[in-house]
>>> print(open('entry.cif').read())   # mmCIF, C-alpha atoms and all ligand atoms
data_data
loop_
_atom_site.label_atom_id
_atom_site.label_comp_id
_atom_site.auth_asym_id
_atom_site.auth_seq_id
_atom_site.Cartn_x
_atom_site.Cartn_y
_atom_site.Cartn_z
CA MET G 22 0.00 0.00 0.00
CA ALA G 23 2.84 2.37 0.89
CA LEU G 24 4.36 1.95 -2.57
CA ARG G 25 0.97 2.56 -4.14
CA PHE G 26 0.68 5.87 -2.25
CA ILE G 27 4.11 6.99 -3.38
CA CYS G 28 3.21 6.15 -6.99
CA LEU G 29 -0.08 8.01 -6.67
CA LEU G 30 1.69 11.01 -5.19
CA LEU G 31 4.33 11.05 -7.92
CA ALA G 32 1.63 10.78 -10.55
CA ALA G 33 -0.23 13.62 -8.88
CA CYS G 34 2.89 15.75 -8.87
CA THR G 35 3.57 15.31 -12.55
CA PHE G 36 0.18 16.85 -13.26
CA ALA G 37 -0.28 18.84 -10.09
CA CYS G 38 2.09 21.71 -10.64
CA ASN G 39 4.40 23.20 -13.14
CA PRO G 40 5.81 26.36 -11.56
CA THR G 41 8.36 26.87 -14.31
CA LYS G 42 5.82 26.78 -17.17
CA ASP G 43 7.27 29.15 -19.72
CA ARG G 44 5.27 32.27 -20.39
CA THR G 45 8.26 34.42 -21.37
CA GLN G 46 6.80 35.05 -24.81
CA THR G 47 3.52 36.41 -23.43
CA GLU G 48 5.28 38.35 -20.73
CA SER G 49 7.61 40.15 -23.11
CA GLU G 50 4.79 41.11 -25.48
CA SER G 51 2.34 42.56 -22.96
CA THR G 52 2.54 45.31 -20.36
CA VAL G 53 -0.13 43.54 -18.29
CA PHE G 54 0.47 40.71 -15.82
CA LYS G 55 -2.33 39.14 -13.79
CA ILE G 56 -1.68 37.41 -10.49
CA ALA G 57 -4.49 35.45 -8.87
CA PHE G 58 -4.12 34.20 -5.31
CA GLY G 59 -6.05 32.43 -2.60
CA SER G 60 -5.90 30.28 0.51
CA CYS G 61 -7.95 28.10 2.83
CA GLY G 62 -9.36 25.38 0.60
CA GLU G 63 -10.80 22.23 2.10
CA GLN G 64 -9.71 19.47 -0.28
CA TYR G 65 -12.86 17.41 0.26
CA LYS G 66 -15.22 20.23 -0.81
CA PRO G 67 -16.07 21.44 -4.34
CA GLN G 68 -13.94 24.48 -5.22
CA PRO G 69 -15.87 26.63 -7.73
CA VAL G 70 -13.58 29.54 -6.81
CA LEU G 71 -10.80 27.82 -8.79
CA GLU G 72 -13.09 27.80 -11.86
CA ARG G 73 -13.57 31.56 -11.45
CA VAL G 74 -9.78 31.93 -11.25
CA VAL G 75 -9.28 30.11 -14.57
CA GLU G 76 -11.92 32.33 -16.23
CA GLN G 77 -9.77 35.36 -15.46
CA LYS G 78 -6.83 33.85 -17.41
CA PRO G 79 -4.21 34.94 -14.89
CA ASP G 80 -0.48 34.59 -15.63
CA LEU G 81 0.14 33.05 -12.21
CA PHE G 82 -1.77 31.59 -9.27
CA ILE G 83 -0.33 31.83 -5.77
CA TYR G 84 -1.45 29.46 -3.02
CA LEU G 85 -1.00 31.28 0.28
CA GLY G 86 -1.47 28.39 2.68
CA ASP G 87 -4.08 26.12 4.19
CA ASN G 88 -4.04 24.82 0.63
CA ILE G 89 -5.38 21.63 2.17
CA TYR G 90 -6.67 20.93 5.68
CA SER G 91 -4.67 18.01 7.00
CA ASP G 92 -3.87 18.60 10.70
CA THR G 93 -2.10 15.35 11.24
CA GLU G 94 0.97 13.68 12.69
CA SER G 95 0.75 10.99 9.99
CA LEU G 96 2.68 11.42 6.74
CA ASP G 97 0.36 8.99 4.98
CA THR G 98 -2.65 11.09 5.93
CA LEU G 99 -0.88 14.24 4.72
CA LYS G 100 -0.12 12.62 1.35
CA LYS G 101 -3.68 11.30 1.06
CA ASN G 102 -5.07 14.77 1.69
CA TYR G 103 -2.88 16.31 -1.05
CA GLN G 104 -4.05 13.51 -3.34
CA ILE G 105 -7.69 14.46 -2.72
CA LEU G 106 -6.90 17.99 -3.94
CA ALA G 107 -4.95 16.60 -6.91
CA ASN G 108 -7.99 14.54 -7.90
CA ARG G 109 -10.35 17.54 -7.95
CA PRO G 110 -11.27 18.47 -11.55
CA GLU G 111 -11.28 22.19 -10.61
CA PHE G 112 -7.70 21.90 -9.39
CA GLN G 113 -6.63 19.89 -12.44
CA LYS G 114 -8.06 22.57 -14.74
CA LEU G 115 -6.29 25.32 -12.79
CA LYS G 116 -3.02 23.42 -12.98
CA ALA G 117 -3.38 22.81 -16.71
CA GLU G 118 -4.10 26.47 -17.46
CA VAL G 119 -2.13 28.52 -14.95
CA PRO G 120 1.41 28.28 -13.50
CA ILE G 121 1.23 27.82 -9.72
CA ILE G 122 3.56 28.82 -6.90
CA ALA G 123 2.85 28.27 -3.22
CA THR G 124 3.67 28.66 0.40
CA TRP G 125 1.99 26.93 3.32
CA ASP G 126 0.17 27.80 6.53
CA ASP G 127 -0.59 25.78 9.64
CA HIS G 128 -3.19 23.28 8.37
CA ASP G 129 -1.14 22.07 5.41
CA TYR G 130 2.21 22.40 7.21
CA GLY G 131 1.18 20.35 10.20
CA TRP G 132 -1.36 21.28 12.80
CA ASN G 133 -3.69 24.15 13.71
CA ASP G 134 -1.57 27.19 14.73
CA SER G 135 1.62 25.09 14.72
CA GLY G 136 5.14 26.48 14.50
CA ARG G 137 8.69 25.21 14.87
CA HIS G 138 7.73 22.52 17.37
CA TYR G 139 5.78 20.48 14.80
CA ARG G 140 7.54 17.11 14.71
CA LEU G 141 7.20 16.33 10.97
CA ARG G 142 8.30 19.73 9.62
CA LYS G 143 11.12 18.29 7.45
CA GLU G 144 8.98 15.47 6.06
CA SER G 145 6.10 17.89 5.45
CA LYS G 146 8.48 20.08 3.41
CA GLU G 147 9.34 17.08 1.18
CA VAL G 148 5.66 16.35 0.56
CA PHE G 149 4.97 20.04 -0.15
CA LEU G 150 7.83 20.25 -2.67
CA SER G 151 6.75 16.99 -4.32
CA PHE G 152 3.26 18.34 -4.75
CA PHE G 153 3.89 21.94 -5.79
CA GLY G 154 7.25 21.45 -7.49
CA VAL G 155 10.45 23.34 -6.83
CA ALA G 156 10.11 26.89 -8.10
CA ASP G 157 13.53 27.90 -6.71
CA GLU G 158 16.29 25.28 -6.30
CA THR G 159 17.80 27.13 -3.31
CA VAL G 160 14.80 25.97 -1.26
CA LYS G 161 16.55 22.60 -0.96
CA GLU G 162 19.60 24.16 0.70
CA HIS G 163 17.91 25.30 3.91
CA ASP G 164 15.20 24.37 6.39
CA GLY G 165 11.72 25.60 5.58
CA ILE G 166 10.16 26.49 2.23
CA TYR G 167 10.91 30.23 1.83
CA HIS G 168 11.90 31.03 -1.75
CA THR G 169 11.64 33.60 -4.51
CA VAL G 170 10.31 33.63 -8.05
CA VAL G 171 11.14 36.43 -10.49
CA LYS G 172 9.14 37.41 -13.57
CA GLU G 173 9.94 40.08 -16.14
CA VAL G 174 7.13 42.00 -17.75
CA ALA G 175 7.71 44.84 -20.23
CA GLY G 176 11.26 45.23 -18.99
CA LYS G 177 10.15 45.45 -15.34
CA LYS G 178 11.17 42.95 -12.73
CA ILE G 179 8.55 41.45 -10.38
CA GLN G 180 9.97 39.65 -7.39
CA PHE G 181 7.76 37.18 -5.52
CA ILE G 182 9.10 36.66 -2.01
CA MET G 183 7.38 33.62 -0.58
CA LEU G 184 7.76 33.50 3.19
CA ASP G 185 7.62 30.48 5.48
CA MET G 186 5.58 31.57 8.52
CA ARG G 187 5.65 28.12 10.19
CA THR G 188 8.98 26.28 10.28
CA PHE G 189 10.74 28.80 12.53
CA ARG G 190 7.87 30.39 14.49
CA ASP G 191 8.17 30.34 18.25
CA LYS G 192 5.24 29.53 20.52
CA LEU G 193 2.44 32.08 20.53
CA LEU G 194 1.66 34.01 23.70
CA LYS G 195 -1.66 32.90 25.20
CA TYR G 196 -4.28 35.62 25.45
CA ASN G 197 -3.73 37.55 28.66
CA GLY G 198 -6.69 39.91 28.57
CA ASN G 199 -4.87 42.82 26.99
CA ARG G 200 -8.02 43.80 25.02
CA GLN G 201 -10.41 43.35 27.94
CA GLY G 202 -13.19 45.95 27.97
CA GLN G 203 -12.31 47.42 24.58
CA ALA G 204 -15.28 47.95 22.27
CA GLY G 205 -15.48 45.38 19.47
CA TYR G 206 -13.17 42.89 21.17
CA ASP G 207 -15.84 41.00 23.10
CA TYR G 208 -15.25 37.67 21.33
CA GLU G 209 -13.06 34.84 22.55
CA MET G 210 -9.41 35.55 21.73
CA ASP G 211 -6.50 33.13 21.56
CA TYR G 212 -3.33 35.21 21.65
CA SER G 213 -1.77 38.42 22.92
CA PRO G 214 1.15 40.32 21.43
CA TYR G 215 4.61 39.74 22.84
CA THR G 216 5.96 42.75 24.68
CA THR G 217 9.55 41.50 24.56
CA SER G 218 11.66 40.92 21.44
CA ASP G 219 13.10 37.48 22.26
CA SER G 220 10.68 35.49 20.08
CA THR G 221 10.54 35.08 16.32
CA MET G 222 8.26 34.26 13.43
CA LEU G 223 10.78 34.12 10.60
CA GLY G 224 13.92 32.95 12.39
CA GLU G 225 17.38 34.45 11.81
CA ALA G 226 18.29 32.49 8.66
CA GLN G 227 15.09 33.61 6.93
CA TRP G 228 15.60 37.21 8.09
CA LYS G 229 19.13 37.25 6.59
CA TRP G 230 17.82 35.77 3.34
CA LEU G 231 14.99 38.33 3.28
CA GLU G 232 17.41 41.23 3.68
CA ALA G 233 19.53 39.93 0.78
CA LYS G 234 16.41 39.60 -1.39
CA LEU G 235 15.21 43.11 -0.56
CA ARG G 236 18.62 44.41 -1.67
CA GLU G 237 18.26 42.80 -5.10
CA PRO G 238 16.93 45.18 -7.75
CA ALA G 239 13.20 44.84 -8.51
CA ASP G 240 10.39 47.15 -9.58
CA LEU G 241 7.68 45.40 -7.60
CA ARG G 242 8.04 42.97 -4.68
CA ILE G 243 5.03 40.82 -3.85
CA ILE G 244 5.50 39.37 -0.37
CA GLY G 245 3.51 36.14 0.08
CA SER G 246 2.80 35.78 3.81
CA SER G 247 0.31 33.12 4.89
CA THR G 248 -0.63 35.10 8.00
CA GLN G 249 -1.71 38.73 7.76
CA PHE G 250 1.00 41.38 7.95
CA GLY G 251 -0.91 44.65 7.79
CA ILE G 252 -3.62 44.21 10.42
CA THR G 253 -3.76 45.39 14.02
CA HIS G 254 -3.86 42.85 16.86
CA ASN G 255 -7.12 40.89 16.96
CA GLY G 256 -6.35 37.97 19.26
CA TYR G 257 -5.81 35.48 16.43
CA GLU G 258 -2.70 34.52 14.50
CA ALA G 259 -1.01 37.42 12.68
CA TRP G 260 2.27 39.32 12.56
CA ALA G 261 0.69 41.62 15.17
CA ASN G 262 1.41 38.95 17.81
CA PHE G 263 5.11 39.62 17.20
CA PRO G 264 5.09 43.44 16.95
CA HIS G 265 8.88 43.57 17.20
CA GLU G 266 9.11 41.45 14.02
CA GLN G 267 6.44 43.48 12.24
CA LYS G 268 8.51 46.59 13.01
CA ARG G 269 11.71 44.78 12.02
CA PHE G 270 10.17 44.22 8.59
CA THR G 271 9.18 47.83 8.04
CA ASP G 272 12.59 48.93 9.37
CA LEU G 273 14.23 46.53 6.92
CA ILE G 274 12.28 47.98 4.00
CA LYS G 275 13.51 51.42 5.10
CA SER G 276 17.15 50.44 5.63
CA THR G 277 17.36 48.54 2.32
CA ARG G 278 15.40 51.29 0.50
CA ALA G 279 13.40 48.51 -1.14
CA ASN G 280 10.75 50.04 -3.40
CA GLY G 281 7.53 48.38 -4.51
CA VAL G 282 6.73 46.19 -1.50
CA LEU G 283 3.17 44.85 -1.42
CA PHE G 284 1.87 42.01 0.79
CA ILE G 285 -0.64 39.33 -0.05
CA SER G 286 -1.94 37.06 2.71
CA GLY G 287 -4.59 34.52 3.70
CA ASP G 288 -5.58 32.47 6.77
CA VAL G 289 -8.59 34.32 8.20
CA HIS G 290 -11.51 33.07 6.03
CA TYR G 291 -12.53 36.48 4.72
CA ALA G 292 -11.08 39.12 2.42
CA GLU G 293 -9.92 42.62 3.21
CA VAL G 294 -7.33 45.18 2.24
CA SER G 295 -5.22 46.66 5.03
CA ARG G 296 -2.94 49.67 4.76
CA LEU G 297 -0.18 49.97 7.30
CA THR G 298 1.68 53.22 7.75
CA ALA G 299 5.06 53.73 9.36
CA GLU G 300 7.12 56.90 9.65
CA GLY G 301 9.55 57.36 6.78
CA LEU G 302 7.94 54.62 4.70
CA TYR G 303 5.46 54.54 1.81
CA PRO G 304 2.10 52.86 2.61
CA ILE G 305 2.29 49.09 2.94
CA TYR G 306 -0.76 47.36 1.49
CA ASP G 307 -1.76 43.85 2.54
CA VAL G 308 -4.39 42.23 0.33
CA THR G 309 -5.92 39.27 2.15
CA ALA G 310 -7.74 36.60 0.13
CA SER G 311 -8.78 33.73 2.34
CA GLY G 312 -11.61 31.41 1.62
CA ILE G 313 -11.39 29.18 -1.44
CA THR G 314 -13.91 27.10 0.52
CA SER G 315 -13.64 28.28 4.15
CA THR G 316 -15.89 30.89 5.73
CA TRP G 317 -16.05 32.57 9.12
CA ASP G 318 -18.94 34.05 11.06
CA PHE G 319 -17.52 37.51 11.62
CA ALA G 320 -14.56 39.74 10.83
CA THR G 321 -12.52 41.03 13.75
CA PRO G 322 -11.77 44.74 14.23
CA ASN G 323 -8.78 45.92 12.19
CA ASP G 324 -7.76 49.59 12.47
CA ASN G 325 -5.87 49.30 9.16
CA ARG G 326 -8.78 47.92 7.10
CA ILE G 327 -9.57 50.11 4.07
CA ASP G 328 -11.67 47.60 2.06
CA GLY G 329 -13.86 44.68 3.06
CA PRO G 330 -14.47 42.47 4.81
CA ILE G 331 -15.86 40.11 2.15
CA MET G 332 -17.28 37.05 3.87
CA GLU G 333 -18.22 34.91 0.85
CA ASN G 334 -15.75 32.53 -0.85
CA HIS G 335 -13.40 34.38 -3.17
CA PHE G 336 -9.90 34.82 -4.57
CA GLY G 337 -7.63 37.83 -4.99
CA LEU G 338 -6.48 39.29 -8.29
CA LEU G 339 -3.64 41.77 -8.84
CA THR G 340 -3.54 43.21 -12.35
CA LEU G 341 -0.23 44.93 -12.98
CA ASN G 342 -0.04 47.34 -15.87
CA PHE G 343 3.46 48.49 -16.68
CA ASN G 344 2.44 51.36 -18.95
CA ASP G 345 4.07 54.82 -18.80
CA ASP G 346 2.70 55.32 -15.28
CA PRO G 347 2.59 51.74 -13.93
CA GLU G 348 -0.31 50.78 -11.71
CA ILE G 349 -1.53 47.89 -9.61
CA ASN G 350 -5.21 47.01 -9.56
CA MET G 351 -6.25 44.97 -6.51
CA GLN G 352 -9.47 42.99 -6.66
CA ILE G 353 -11.36 40.45 -4.65
CA ILE G 354 -13.58 38.32 -6.87
CA ASP G 355 -16.21 36.09 -5.27
CA TYR G 356 -17.32 32.56 -6.14
CA THR G 357 -19.95 33.91 -8.55
CA GLY G 358 -17.31 35.86 -10.49
CA LYS G 359 -18.41 39.22 -9.09
CA SER G 360 -15.73 41.80 -8.24
CA ARG G 361 -16.27 42.81 -4.59
CA ILE G 362 -13.20 44.98 -3.92
CA ASN G 363 -11.56 47.07 -6.60
CA ARG G 364 -8.74 49.46 -5.74
CA THR G 365 -5.92 50.82 -7.90
CA VAL G 366 -2.62 52.27 -6.72
CA LYS G 367 0.20 53.70 -8.80
CA LEU G 368 3.53 51.96 -8.51
CA LYS G 369 5.12 55.33 -7.79
CA GLU G 370 3.04 55.48 -4.57
CA LEU G 371 5.03 52.48 -3.34
CA MET G 372 8.39 54.21 -3.53
CA PHE G 373 10.73 56.20 -1.31
FE FE U 1 -4.12 29.22 8.87
#
>>> encode(input="entry.cif", output="structure tokens", more="lines below")
Ligand SMILES: [Fe+2]
Amino acid sequence: MALRFICLLLAACTFACNPTKDRTQTESESTVFKIAFGSCGEQYKPQPVLERVVEQKPDLFIYLGDNIYSDTESLDTLKKNYQILANRPEFQKLKAEVPIIATWDDHDYGWNDSGRHYRLRKESKEVFLSFFGVADETVKEHDGIYHTVVKEVAGKKIQFIMLDMRTFRDKLLKYNGNRQGQAGYDYEMDYSPYTTSDSTMLGEAQWKWLEAKLREPADLRIIGSSTQFGITHNGYEAWANFPHEQKRFTDLIKSTRANGVLFISGDVHYAEVSRLTAEGLYPIYDVTASGITSTWDFATPNDNRIDGPIMENHFGLLTLNFNDDPEINMQIIDYTGKSRINRTVKLKELMF
């Protein structure tokens, strides 16, 4: 049986993903590049959102984590759950039509809200790479799955920085009542923000790699972070639980003078656009698309929210137009194909 599973998985992988699919011809001829993205898809449920993605004819699809819900300490179960996604006709159509790159979140990495203490993190990485393919060979040289992908469109360089928010993340701080009595925060919360700086989400090796990547020349840098970067603390998982690392990131953008940083994220089962401001830095947008199949009853408060929330199943779409005054159109498109958020920013607004 074990051999049969391996064969099935290998077969799945040959058709599952082709991150290096060559679109150079198209890219060099057009000034437009469309990036679809999403997260939180239960593999055992129909996924009409993926059909809506294919209809948009994007140049790339980015999986931002919880790509399957596995939550297991069994490798066989993890492989079986990926196989269920591989067998879905909607996924097969997406794979056949659109190049895919990916990072993971807790439910596909290991366990709900898990971090560096998850026992099968190395094995899970192997299964992930077998399924999604290796978009960047350097991913094999270190722990975790952080990697980059670069595309050139109309002479402009787009850098996709895919973070690993799981392999190195320290334990979360249990909720200690820091929001008690504040209006809007009367729901049950899980976590509070650290007030000391001796804990990490990315880990030192990933931080060093990130700095090197931000120093590389690029016109636009899409940061793929499974958990939300731009929101304020809401008692659930987010960068806001590690405010010293959130600040370290914005400080790093400043010190490297990295232009064109834009976050995309998932995890929370609704869509929103957040805009984070920091002194001496251009606005940092975080477009959250979370809910290929998952939904949630309510959206938490978020002081940085400028669009949304959208509670119905959806995906995100960034349409980049590198014309004389390049712009980025950010959309959330729901499972019926309807555009629910539509915001455009000029690339020059994301510059020092
Ligand atoms: Fe998650």
>>> residues_near_ligand(input="entry.cif", ligand="ligand FE 1 (chain U)", cutoff="6 Å", atoms="all atoms listed in the file", output="count of residues only")
4
>>> residues_around(input="entry.cif", residues="Lys178 (chain G)", least_positions_apart="3", cutoff="10 Å", atoms="all atoms listed in the file", output="PDB file with C-alpha atoms, in the frame of the given file")
ATOM      1  CA  VAL G 171      11.140  36.430 -10.490  1.00  0.00           C
ATOM      2  CA  LYS G 172       9.140  37.410 -13.570  1.00  0.00           C
ATOM      3  CA  GLU G 173       9.940  40.080 -16.140  1.00  0.00           C
ATOM      4  CA  VAL G 174       7.130  42.000 -17.750  1.00  0.00           C
ATOM      5  CA  ALA G 175       7.710  44.840 -20.230  1.00  0.00           C
ATOM      6  CA  PHE G 181       7.760  37.180  -5.520  1.00  0.00           C
ATOM      7  CA  PRO G 238      16.930  45.180  -7.750  1.00  0.00           C
ATOM      8  CA  ALA G 239      13.200  44.840  -8.510  1.00  0.00           C
ATOM      9  CA  ASP G 240      10.390  47.150  -9.580  1.00  0.00           C
ATOM     10  CA  LEU G 241       7.680  45.400  -7.600  1.00  0.00           C
ATOM     11  CA  ARG G 242       8.040  42.970  -4.680  1.00  0.00           C
TER      12      ARG G 242
END
>>> residues_around(input="entry.cif", residues="region 333-345 of chain G", least_positions_apart="6", cutoff="6 Å", atoms="only C-alpha atoms", output="PDB file with C-alpha atoms, in the coordinates of the input")
ATOM      1  CA  THR G  52       2.540  45.310 -20.360  1.00  0.00           C
ATOM      2  CA  VAL G  53      -0.130  43.540 -18.290  1.00  0.00           C
ATOM      3  CA  PHE G  54       0.470  40.710 -15.820  1.00  0.00           C
ATOM      4  CA  LYS G  55      -2.330  39.140 -13.790  1.00  0.00           C
ATOM      5  CA  ILE G  56      -1.680  37.410 -10.490  1.00  0.00           C
ATOM      6  CA  ALA G  57      -4.490  35.450  -8.870  1.00  0.00           C
ATOM      7  CA  PHE G  58      -4.120  34.200  -5.310  1.00  0.00           C
ATOM      8  CA  GLY G  59      -6.050  32.430  -2.600  1.00  0.00           C
ATOM      9  CA  ALA G 310      -7.740  36.600   0.130  1.00  0.00           C
ATOM     10  CA  GLY G 312     -11.610  31.410   1.620  1.00  0.00           C
ATOM     11  CA  ILE G 313     -11.390  29.180  -1.440  1.00  0.00           C
ATOM     12  CA  THR G 314     -13.910  27.100   0.520  1.00  0.00           C
ATOM     13  CA  MET G 351      -6.250  44.970  -6.510  1.00  0.00           C
ATOM     14  CA  GLN G 352      -9.470  42.990  -6.660  1.00  0.00           C
ATOM     15  CA  ILE G 353     -11.360  40.450  -4.650  1.00  0.00           C
ATOM     16  CA  ILE G 354     -13.580  38.320  -6.870  1.00  0.00           C
ATOM     17  CA  ASP G 355     -16.210  36.090  -5.270  1.00  0.00           C
ATOM     18  CA  TYR G 356     -17.320  32.560  -6.140  1.00  0.00           C
TER      19      TYR G 356
END
>>> atom_distance(input="entry.cif", atom1="CA of Ala226 (chain G)", atom2="CA of Asn280 (chain G)")
22.6 Å
>>> residues_near_point(input="entry.cif", point="(0.1, 37.2, 22.2)", cutoff="12 Å", atoms="only C-alpha atoms", output="VMD selection string")
chain G and resid 191 to 200 210 to 217 220 254 to 265
>>> write_last_selection(input="entry.cif", atoms="C-alpha atoms", output="PDB file, keeping the file's coordinate frame")
ATOM      1  CA  ASP G 191       8.170  30.340  18.250  1.00  0.00           C
ATOM      2  CA  LYS G 192       5.240  29.530  20.520  1.00  0.00           C
ATOM      3  CA  LEU G 193       2.440  32.080  20.530  1.00  0.00           C
ATOM      4  CA  LEU G 194       1.660  34.010  23.700  1.00  0.00           C
ATOM      5  CA  LYS G 195      -1.660  32.900  25.200  1.00  0.00           C
ATOM      6  CA  TYR G 196      -4.280  35.620  25.450  1.00  0.00           C
ATOM      7  CA  ASN G 197      -3.730  37.550  28.660  1.00  0.00           C
ATOM      8  CA  GLY G 198      -6.690  39.910  28.570  1.00  0.00           C
ATOM      9  CA  ASN G 199      -4.870  42.820  26.990  1.00  0.00           C
ATOM     10  CA  ARG G 200      -8.020  43.800  25.020  1.00  0.00           C
ATOM     11  CA  MET G 210      -9.410  35.550  21.730  1.00  0.00           C
ATOM     12  CA  ASP G 211      -6.500  33.130  21.560  1.00  0.00           C
ATOM     13  CA  TYR G 212      -3.330  35.210  21.650  1.00  0.00           C
ATOM     14  CA  SER G 213      -1.770  38.420  22.920  1.00  0.00           C
ATOM     15  CA  PRO G 214       1.150  40.320  21.430  1.00  0.00           C
ATOM     16  CA  TYR G 215       4.610  39.740  22.840  1.00  0.00           C
ATOM     17  CA  THR G 216       5.960  42.750  24.680  1.00  0.00           C
ATOM     18  CA  THR G 217       9.550  41.500  24.560  1.00  0.00           C
ATOM     19  CA  SER G 220      10.680  35.490  20.080  1.00  0.00           C
ATOM     20  CA  HIS G 254      -3.860  42.850  16.860  1.00  0.00           C
ATOM     21  CA  ASN G 255      -7.120  40.890  16.960  1.00  0.00           C
ATOM     22  CA  GLY G 256      -6.350  37.970  19.260  1.00  0.00           C
ATOM     23  CA  TYR G 257      -5.810  35.480  16.430  1.00  0.00           C
ATOM     24  CA  GLU G 258      -2.700  34.520  14.500  1.00  0.00           C
ATOM     25  CA  ALA G 259      -1.010  37.420  12.680  1.00  0.00           C
ATOM     26  CA  TRP G 260       2.270  39.320  12.560  1.00  0.00           C
ATOM     27  CA  ALA G 261       0.690  41.620  15.170  1.00  0.00           C
ATOM     28  CA  ASN G 262       1.410  38.950  17.810  1.00  0.00           C
ATOM     29  CA  PHE G 263       5.110  39.620  17.200  1.00  0.00           C
ATOM     30  CA  PRO G 264       5.090  43.440  16.950  1.00  0.00           C
ATOM     31  CA  HIS G 265       8.880  43.570  17.200  1.00  0.00           C
TER      32      HIS G 265
END
>>> atom_distance(input="entry.cif", atom1="CA of Phe149 (chain G)", atom2="CA of Gln267 (chain G)")
26.6 Å
>>> closest_residue(input="entry.cif", among="G:Arg361, G:Thr159, G:Ile179, G:Val289", to="Ile349 (chain G)", atoms="only C-alpha atoms")
G:Ile179
>>> residues_around(input="entry.cif", residues="Ala123 (chain G)", least_positions_apart="3", cutoff="10 Å", atoms="all atoms listed in the file", output="PyMOL selection string")
chain G and resi 38+40+58-60+82-86+88+149-150+153-156+166-168+183-184+245+247
>>> atom_distance(input="entry.cif", atom1="CA of Leu235 (chain G)", atom2="CA of Ile182 (chain G)")
9.0 Å
>>> closest_residue(input="entry.cif", among="G:Ser276, G:Gly301, G:Asp207, G:Gly136", to="Ala233 (chain G)", atoms="all atoms listed in the file")
G:Ser276
>>> closest_residue(input="entry.cif", among="G:Thr93, G:Asn133, G:Ser145, G:Thr357", to="Val70 (chain G)", atoms="all atoms listed in the file")
G:Thr357
>>> residues_around(input="entry.cif", residues="Glu300 (chain G)", least_positions_apart="6", cutoff="10 Å", atoms="all atoms listed in the file", output="ChimeraX atom specification")
/G:271-272,275
>>> decode(input="entry.cif", residues="region 62-66 of chain G", atoms="all heavy atoms", output="JSON list (two decimals), in the first residue's frame")
[["chain", "number", "residue", "atom", "x", "y", "z"],
["G", 62, "GLY", "N", -8.50, 26.24, 1.40],
["G", 62, "GLY", "CA", -9.36, 25.38, 0.60],
["G", 62, "GLY", "C", -9.43, 23.99, 1.21],
["G", 62, "GLY", "O", -8.41, 23.32, 1.36],
["G", 63, "GLU", "N", -10.63, 23.58, 1.58],
["G", 63, "GLU", "CA", -10.80, 22.23, 2.10],
["G", 63, "GLU", "C", -10.86, 21.27, 0.92],
["G", 63, "GLU", "O", -11.73, 21.38, 0.07],
["G", 63, "GLU", "CB", -12.08, 22.16, 2.93],
["G", 63, "GLU", "CG", -11.98, 22.99, 4.21],
["G", 63, "GLU", "CD", -13.29, 23.65, 4.57],
["G", 63, "GLU", "OE1", -13.73, 24.57, 3.83],
["G", 63, "GLU", "OE2", -13.90, 23.26, 5.57],
["G", 64, "GLN", "N", -9.92, 20.34, 0.89],
["G", 64, "GLN", "CA", -9.71, 19.47, -0.28],
["G", 64, "GLN", "C", -10.90, 18.57, -0.57],
["G", 64, "GLN", "O", -11.09, 18.13, -1.69],
["G", 64, "GLN", "CB", -8.43, 18.63, -0.10],
["G", 64, "GLN", "CG", -8.47, 17.60, 1.02],
["G", 64, "GLN", "CD", -8.14, 18.17, 2.38],
["G", 64, "GLN", "OE1", -8.09, 19.39, 2.57],
["G", 64, "GLN", "NE2", -7.91, 17.30, 3.36],
["G", 65, "TYR", "N", -11.72, 18.32, 0.45],
["G", 65, "TYR", "CA", -12.86, 17.41, 0.26],
["G", 65, "TYR", "C", -14.14, 18.15, -0.12],
["G", 65, "TYR", "O", -15.20, 17.55, -0.21],
["G", 65, "TYR", "CB", -13.08, 16.59, 1.55],
["G", 65, "TYR", "CG", -12.85, 17.39, 2.82],
["G", 65, "TYR", "CD1", -13.84, 18.23, 3.30],
["G", 65, "TYR", "CD2", -11.62, 17.32, 3.49],
["G", 65, "TYR", "CE1", -13.61, 18.99, 4.43],
["G", 65, "TYR", "CE2", -11.39, 18.08, 4.63],
["G", 65, "TYR", "CZ", -12.39, 18.91, 5.10],
["G", 65, "TYR", "OH", -12.16, 19.66, 6.20],
["G", 66, "LYS", "N", -14.03, 19.47, -0.39],
["G", 66, "LYS", "CA", -15.22, 20.23, -0.81],
["G", 66, "LYS", "C", -15.05, 20.70, -2.25],
["G", 66, "LYS", "O", -13.93, 20.99, -2.68],
["G", 66, "LYS", "CB", -15.39, 21.48, 0.07],
["G", 66, "LYS", "CG", -15.95, 21.20, 1.44],
["G", 66, "LYS", "CD", -16.28, 22.51, 2.13],
["G", 66, "LYS", "CE", -16.86, 22.26, 3.52],
["G", 66, "LYS", "NZ", -16.98, 23.51, 4.28]]
